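*Asks:* My questions all concern the structure below.
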Amino acid sequence: MPELHPRIQPIFDEVLRRNAGEVEFHQAALEVFESLGRVIAKNPQYAEASILERICEPERQIIFRVPWVDDAGRVQINRGFRVEFNSALGPFKGGLRFHPSVYLGTIKFLGFEQVFKNALTGMPIGGGKGGSDFDPKGRSTAEIMRFCQSFMTELYRHIGEYTDVPAGDIGVGGREIGFLFGQYKRITNRYESAVLTGKGINWGGSLVRTEATGYGAAFFAQEMLKTREQSFDGSRVLVSGSGNVALYAIEKVHQMGGTVVACSDSSGVVYDADGLDLDLLRQVKEVDRGRLSDYADARGSASDYRADSSIWSIADATHIDVALPCATQNELSDADARVLVDNGVVAVAEGANMPCTPGAVRIFTDASVLFGPGKAANAGGVATSALEMQQNASRDSWTFAHTEERLEEIMRGIHERCVETADEYGEPGNYVLGANIGGFTRVADAMLALGVI
Ligand code: NDP
Ligand code: 2IT
């Protein structure tokens, strides 16, 4: 493990002390700190203004009770969170995650990542994240609605177009954003479109927002491949997960001439040696809200379903060129990275937030595999959310083609910023360093300009 700069080590020790037990937040902070040694050495003004100490402490953390009544008439209690991490560049911006594993440490790691990711997009958005330990699995639409309404009954007082703008993440998609927006509108008596993003297109949403994170990750991977005169054309690809990000990563890879041979959910993996049937997959996941086992049943002998298996081990059995982890944090272990490297993977781009363990990232970079960290590779989602806010502010709506062009341009810009920053700091091709320093300096300079607040 690289040593931290002597000025940064005590700051990290304090992060550990102050945020005891929040291991994902520690992991995210350490990953950024490891990149910042030379930045701190070169720019004493950051240390003088205690920028690092301040950037690790959220501006505001809200934790609240979410009571609701299930279909059987029982009262259920969940915990809600919104961590407003940094607003130096714009209103807090970031998604809401509904998953039983959510606790404060999850939301803080995601909020921290979001600060640098949003900065890297070059758009006027700060960083935040929220969510709940609510488990949507097996819940009726009426239960989801009552939960969302109760969640918003507290959250509404903390958010706003110029304050904090939530969106979706795991367990929160268009349906949930609809229920949340409806309750916000009802309580405030304002049609304040830009208070949430990921809305439906006939009530203030943007075309391409649904596709944006997955498409963006594929665009980013394509830019990385180009640096070695390679492309998706003719490639074989693994995409983990089968939610919003995964589905549209698969779609874009297919459009670019690649073949995605497997995807996964928390119960298992489907491996279709000749490529996934995306139309069927979308029907099962988006329309029927089913599981991958349902997809495999419907697809028959073209599909091999493996319960409780790791998607990455497929690289052991068949040639794989590119891996796009699009499910959840720490889903790709050191051992998985070893399998991918030993079998000739050339590029890995993180569609999810922090899906690769720190050891896995080191294995990829040591083996000169092109590695695009989530902060850069999955920034297309939040960037398109910022485009949705622009459309809301101007009461306009853009075409699919125009919005997709903007997304592609933004992803190329992020790639360029990573490459140039890595070059400037003497580590060409190190996208982790490029993304961390590129994002950090933009936020840090704004914080310096705004004074000690
Ligand atoms: P979805 O809820 O649509 O899908 C999540 C997928 O990941 C599902 O297939 C789910 O399987 C799987 N998954 C979730 N938790 C686990 C787990 N503990 N183990 C194994 N599989 C798991 O979420 P998204 O697609 O929106 O989000 C996926 C990732 O992308 C997350 O890391 C998110 O933070 C990140 N992201 C999302 C953005 C967005 O715009 N939505 C933007 C940028 C990043 P199952 O159904 O079995 O739970
Ligand atoms: O992790 C992320 O960037 C998201 N879940 C999207 C956030 C957003 O505000 O669109």
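Going through the structure tokens in order, the chains are called A, B, and so on, while each chain numbers its residues from 1 and the ligands are numbered from 1 in the order shown.
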Name the residues in contact with A:Pro91 at a cut-off of 12 Å, using only C-alpha atoms, excluding same-chain residues fewer than 2 positions from it; report them as a ChimeraX atom specification.

*Replies:* /A:59,84-89,93-94,115,118-119,123-129,158-166,194-196,386,389

*Asks:* Residues within 7 Å of A:Gly374, please, as a ChimeraX atom specification. Count only C-alpha atoms; anything in the same chain fewer than 6 positions from it doesn't count.

*Replies:* /A:350-354

*Asks:* Dump N, CA, C and O atoms for the selected residues as a JSON list (two decimals), in the first residue's frame?

*Replies:*
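Below you can see part_33.json, which holds the result:
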[["chain", "number", "residue", "atom", "x", "y", "z"],
["A", 350, "GLU", "N", -15.51, 1.36, -14.20],
["A", 350, "GLU", "CA", -16.45, 1.19, -13.09],
["A", 350, "GLU", "C", -17.76, 1.94, -13.35],
["A", 350, "GLU", "O", -17.81, 3.16, -13.20],
["A", 351, "GLY", "N", -18.81, 1.20, -13.73],
["A", 351, "GLY", "CA", -20.14, 1.81, -13.86],
["A", 351, "GLY", "C", -20.76, 2.03, -12.49],
["A", 351, "GLY", "O", -21.52, 2.96, -12.28],
["A", 352, "ALA", "N", -20.42, 1.17, -11.54],
["A", 352, "ALA", "CA", -20.90, 1.32, -10.16],
["A", 352, "ALA", "C", -19.94, 2.24, -9.39],
["A", 352, "ALA", "O", -18.89, 2.65, -9.89],
["A", 353, "ASN", "N", -20.32, 2.56, -8.14],
["A", 353, "ASN", "CA", -19.45, 3.34, -7.27],
["A", 353, "ASN", "C", -18.58, 2.41, -6.44],
["A", 353, "ASN", "O", -19.10, 1.57, -5.70],
["A", 354, "MET", "N", -17.25, 2.52, -6.63],
["A", 354, "MET", "CA", -16.25, 1.75, -5.86],
["A", 354, "MET", "C", -16.47, 0.23, -5.93],
["A", 354, "MET", "O", -16.35, -0.46, -4.92]]

*Asks:* So that I can see what lies close to A:Ala142, please list as an MDAnalysis selection string the residues with an atom at most 8 Å from it, counting only C-alpha atoms and leaving out residues fewer than 3 positions away in the same chain.

*Replies:* chainID A and resid 71 145:146

*Asks:* Go through A:Gln391, A:Ser293, A:Thr384, A:Asn19 and flag the residue nearest A:Gly216, using only C-alpha atoms for the distances.

*Replies:*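 Residue with the minimum atom-to-atom distance to A:Gly216: A:Thr384.
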
*Asks:* Tell me which protein, DNA and RNA residues are within 9 Å of A:Ile62, counting only C-alpha atoms, leaving out same-chain ones fewer than 3 positions away, and put them as a PyMOL selection string.

*Replies:* chain A and resi 80-84+130+155+158

*Asks:* Selection from above, N, CA and C atoms, as a short mmCIF file (atom, residue, chain, number, x, y, z; two decimals), in the first residue's frame, can you write it?

*Replies:*
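Result file part_25.cif:
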data_model
loop_
_atom_site.label_atom_id
_atom_site.label_comp_id
_atom_site.auth_asym_id
_atom_site.auth_seq_id
_atom_site.Cartn_x
_atom_site.Cartn_y
_atom_site.Cartn_z
N GLY A 80 -33.88 7.17 7.52
CA GLY A 80 -33.57 7.95 6.31
C GLY A 80 -32.32 8.78 6.53
N PHE A 81 -31.60 9.03 5.43
CA PHE A 81 -30.35 9.82 5.50
C PHE A 81 -30.28 10.82 4.36
N ARG A 82 -29.70 11.96 4.61
CA ARG A 82 -29.22 12.82 3.54
C ARG A 82 -27.93 13.47 4.06
N VAL A 83 -26.84 13.19 3.38
CA VAL A 83 -25.55 13.79 3.76
C VAL A 83 -25.21 14.84 2.72
N GLU A 84 -25.24 16.10 3.15
CA GLU A 84 -24.95 17.23 2.26
C GLU A 84 -23.46 17.52 2.40
N GLY A 130 -28.04 10.37 -0.35
CA GLY A 130 -29.01 10.04 0.70
C GLY A 130 -29.56 8.65 0.49
N LEU A 155 -37.79 14.84 4.18
CA LEU A 155 -36.70 15.34 3.33
C LEU A 155 -37.01 16.70 2.70
N HIS A 158 -35.28 19.98 3.56
CA HIS A 158 -33.82 20.11 3.41
C HIS A 158 -33.39 20.32 1.96
#

*Asks:* Which distance in Å separates atom CA of A:Glu14 and atom 3 (O, counted along the ligand's line) of ligand 2, to one decimal?

*Replies:*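 Taking atom CA of A:Glu14 and atom 3 (O, counted along the ligand's line) of ligand 2, their separation equals 26.7 Å.
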
*Asks:* Counting only C-alpha atoms and all ligand atoms, which protein, DNA or RNA residues come within 6 Å of ligand 2, given as a PyMOL selection string?

*Replies:* chain A and resi 93-95+166-169+379+381-382+385

*Asks:* Mind checking which residues fall within 9 Å of A:Arg442, counting only C-alpha atoms, ignoring those fewer than 2 positions away in the same chain, and posting them as a PyMOL selection string?

*Replies:* chain A and resi 89+116+119-120+122+437-440+444-447

*Asks:* Those residues you just picked out, can you put them in a file as an mmCIF file, in the first residue's frame with N, CA, C and O atoms?

*Replies:*
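The resulting part30.cif:
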data_model
loop_
_atom_site.group_PDB
_atom_site.id
_atom_site.type_symbol
_atom_site.label_atom_id
_atom_site.label_comp_id
_atom_site.auth_asym_id
_atom_site.auth_seq_id
_atom_site.Cartn_x
_atom_site.Cartn_y
_atom_site.Cartn_z
ATOM 1 N N LEU A 89 -19.255 24.128 -5.316
ATOM 2 C CA LEU A 89 -19.408 24.314 -6.764
ATOM 3 C C LEU A 89 -20.854 24.482 -7.212
ATOM 4 O O LEU A 89 -21.114 24.825 -8.368
ATOM 5 N N PHE A 116 -16.159 14.708 -5.795
ATOM 6 C CA PHE A 116 -15.063 14.758 -6.774
ATOM 7 C C PHE A 116 -15.580 14.421 -8.176
ATOM 8 O O PHE A 116 -15.136 14.988 -9.169
ATOM 9 N N ALA A 119 -17.359 17.426 -9.550
ATOM 10 C CA ALA A 119 -16.378 18.439 -9.933
ATOM 11 C C ALA A 119 -15.747 18.100 -11.278
ATOM 12 O O ALA A 119 -15.546 18.968 -12.129
ATOM 13 N N LEU A 120 -15.460 16.832 -11.456
ATOM 14 C CA LEU A 120 -14.800 16.368 -12.681
ATOM 15 C C LEU A 120 -15.661 16.604 -13.927
ATOM 16 O O LEU A 120 -15.134 16.760 -15.031
ATOM 17 N N GLY A 122 -17.163 19.194 -14.597
ATOM 18 C CA GLY A 122 -17.037 20.594 -14.996
ATOM 19 C C GLY A 122 -18.350 21.356 -14.883
ATOM 20 O O GLY A 122 -18.450 22.502 -15.296
ATOM 21 N N ILE A 437 -7.134 13.941 -8.657
ATOM 22 C CA ILE A 437 -6.527 15.279 -8.625
ATOM 23 C C ILE A 437 -7.381 16.262 -9.437
ATOM 24 O O ILE A 437 -7.619 17.399 -9.012
ATOM 25 N N GLY A 438 -7.879 15.809 -10.591
ATOM 26 C CA GLY A 438 -8.708 16.684 -11.431
ATOM 27 C C GLY A 438 -9.948 17.154 -10.687
ATOM 28 O O GLY A 438 -10.312 18.329 -10.733
ATOM 29 N N GLY A 439 -10.607 16.240 -9.981
ATOM 30 C CA GLY A 439 -11.799 16.611 -9.208
ATOM 31 C C GLY A 439 -11.434 17.447 -7.992
ATOM 32 O O GLY A 439 -12.030 18.495 -7.730
ATOM 33 N N PHE A 440 -10.411 17.012 -7.269
ATOM 34 C CA PHE A 440 -10.039 17.688 -6.025
ATOM 35 C C PHE A 440 -9.673 19.160 -6.256
ATOM 36 O O PHE A 440 -10.139 20.042 -5.539
ATOM 37 N N ALA A 444 -11.241 22.284 -4.395
ATOM 38 C CA ALA A 444 -10.353 22.969 -3.439
ATOM 39 C C ALA A 444 -10.197 24.441 -3.810
ATOM 40 O O ALA A 444 -10.231 25.313 -2.929
ATOM 41 N N ASP A 445 -10.053 24.738 -5.107
ATOM 42 C CA ASP A 445 -9.894 26.140 -5.515
ATOM 43 C C ASP A 445 -11.155 26.945 -5.210
ATOM 44 O O ASP A 445 -11.075 28.097 -4.781
ATOM 45 N N ALA A 446 -12.314 26.345 -5.423
ATOM 46 C CA ALA A 446 -13.565 27.047 -5.089
ATOM 47 C C ALA A 446 -13.654 27.262 -3.584
ATOM 48 O O ALA A 446 -14.043 28.344 -3.111
ATOM 49 N N MET A 447 -13.260 26.250 -2.792
ATOM 50 C CA MET A 447 -13.324 26.399 -1.331
ATOM 51 C C MET A 447 -12.392 27.515 -0.861
ATOM 52 O O MET A 447 -12.745 28.298 0.030
#

*Asks:* Could you check which of A:Gln329, A:Ser240, A:Gln9, A:Thr141 is closest to A:Glu53, using only C-alpha atoms?

*Replies:*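 Of A:Gln329, A:Ser240, A:Gln9, A:Thr141, the one nearest A:Glu53 is A:Gln9, counting only C-alpha atoms.
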
*Asks:* Which residues in stretch 15-148 of chain A does DSSP call strand (DSSP E or B)? List them as a PyMOL selection string.

*Replies:* chain A and resi 60-69+75-86+92-98+127-132

*Asks:* Please give the complete set of residues from stretch 150-197 of chain A that DSSP, run on the backbone, assigns to alpha helix (DSSP H), formatted as a PyMOL selection string.

*Replies:* chain A and resi 150-155+174-188

*Asks:* Ranking A:Ala302, A:Ala337, A:Ala393, A:Met152 by minimum distance to A:Gly204 and counting only C-alpha atoms, which one comes first?

*Replies:* A:Ala393
